[in-house]
Each structure stands twice: as C-alpha cells, then as structure tokens.
Amino acid sequence: MTDDNGELKNYLDEEDRLKEWPSKRNKGKSQQLVLEYMASKFYQEVKYTEKEVNALLNQYHTFNDPALLRREMVERKLLARMRDGSADWRPSVSE
C-alpha cells in the first residue's frame, strides 16, 4: 500500500512516531497504512523475541500499546509468529 496522499503524516508526530491508532471509519485503510509503516521498521527474516518486538514498536509509537500493534501486524500477515509465541519476524514478500 502506498501513501499517495500523505495520509500517514496525519498519524505521525514530529519525530515520525505513530501518535494514535486510526479509527475504522475509513474501512481500515489508515490502519493498514500505519501497520505497514510499523512493519517496515523490522528487518525481513530476522527473528525477534516478544521483548525485542515490543522495544522496537515502542521506539516508533507514543500511545503505549505494542501488544495491539503486534497483534494487528500478525493478523494482517505483516509479521509472522512462531506457534509457541517465542519469535516474530517480518516475512519475505514471497511468504
């Protein structure tokens, strides 16, 4: 998904951190956009512990809910997760 009209900037602060979770009123388009932005902060194919995922997400958002972001990214397949929850990673495009 591209951000052709600059919509992502509406959700970022002056340090390019996500400052709020978009509402669903626009059918989730803004949510997908911010989740893709957050997923871009992860290296592809690098396995991260839950603690590392939370630390990375906390660097790039200000509303203190890394669990929401992590869950949504996994649900939308922007992050993959081991069945036992021991690791998350950003899948390659072909996965």
# chains A, B, ... in the order shown; residues from 1 in each chain; ligands from 1
call {"tool": "residues_around", "arguments": {"residues": "region 8-14 of chain A", "least_positions_apart": "3", "cutoff": "9 Å", "atoms": "only C-alpha atoms", "output": "PyMOL selection string"}}
result
chain A and resi 3+5+17-22+30+33-34+37+61-62
call {"tool": "select_by_dssp", "arguments": {"residues": "region 10-94 of chain A", "states": "alpha helix (DSSP H)", "output": "MDAnalysis selection string"}}
result
chainID A and resid 29:39 50:59 66:75
call {"tool": "atom_distance", "arguments": {"atom1": "CA of Ser86 (chain A)", "atom2": "CA of Thr49 (chain A)"}}
result
6.1 Å
call {"tool": "atom_distance", "arguments": {"atom1": "CA of Val74 (chain A)", "atom2": "CA of Met38 (chain A)"}}
result
11.9 Å
call {"tool": "atom_distance", "arguments": {"atom1": "CA of Asp88 (chain A)", "atom2": "CA of Val46 (chain A)"}}
result
8.3 Å
call {"tool": "residues_around", "arguments": {"residues": "Ser40 (chain A)", "least_positions_apart": "2", "cutoff": "12 Å", "atoms": "only C-alpha atoms", "output": "PyMOL selection string"}}
result
chain A and resi 1+33-38+42-44+56-57+60+73+78-79+89-92
call {"tool": "residues_around", "arguments": {"residues": "Pro66 (chain A)", "least_positions_apart": "2", "cutoff": "6 Å", "atoms": "only C-alpha atoms", "output": "PDB file with N, CA and C atoms, in the first residue's frame"}}
result
ATOM      1  N   ASN A  54       8.452  -5.609  21.187  1.00  0.00           N
ATOM      2  CA  ASN A  54       7.870  -4.516  21.970  1.00  0.00           C
ATOM      3  C   ASN A  54       8.810  -3.318  22.039  1.00  0.00           C
ATOM      4  N   LEU A  57       8.747  -1.567  18.625  1.00  0.00           N
ATOM      5  CA  LEU A  57       7.481  -0.847  18.443  1.00  0.00           C
ATOM      6  C   LEU A  57       7.409   0.387  19.334  1.00  0.00           C
ATOM      7  N   LEU A  68      -1.219  -4.269  20.866  1.00  0.00           N
ATOM      8  CA  LEU A  68      -2.192  -4.009  19.809  1.00  0.00           C
ATOM      9  C   LEU A  68      -1.509  -4.023  18.450  1.00  0.00           C
ATOM     10  N   LEU A  69      -0.417  -3.301  18.333  1.00  0.00           N
ATOM     11  CA  LEU A  69       0.294  -3.217  17.058  1.00  0.00           C
ATOM     12  C   LEU A  69       0.816  -4.580  16.632  1.00  0.00           C
ATOM     13  N   ARG A  70       1.413  -5.318  17.559  1.00  0.00           N
ATOM     14  CA  ARG A  70       1.955  -6.640  17.255  1.00  0.00           C
ATOM     15  C   ARG A  70       0.834  -7.582  16.798  1.00  0.00           C
TER      16      ARG A  70
END
call {"tool": "closest_residue", "arguments": {"among": "A:Met82, A:Val93, A:Ala67, A:Glu75", "to": "Lys51 (chain A)", "atoms": "only C-alpha atoms"}}
result
A:Ala67
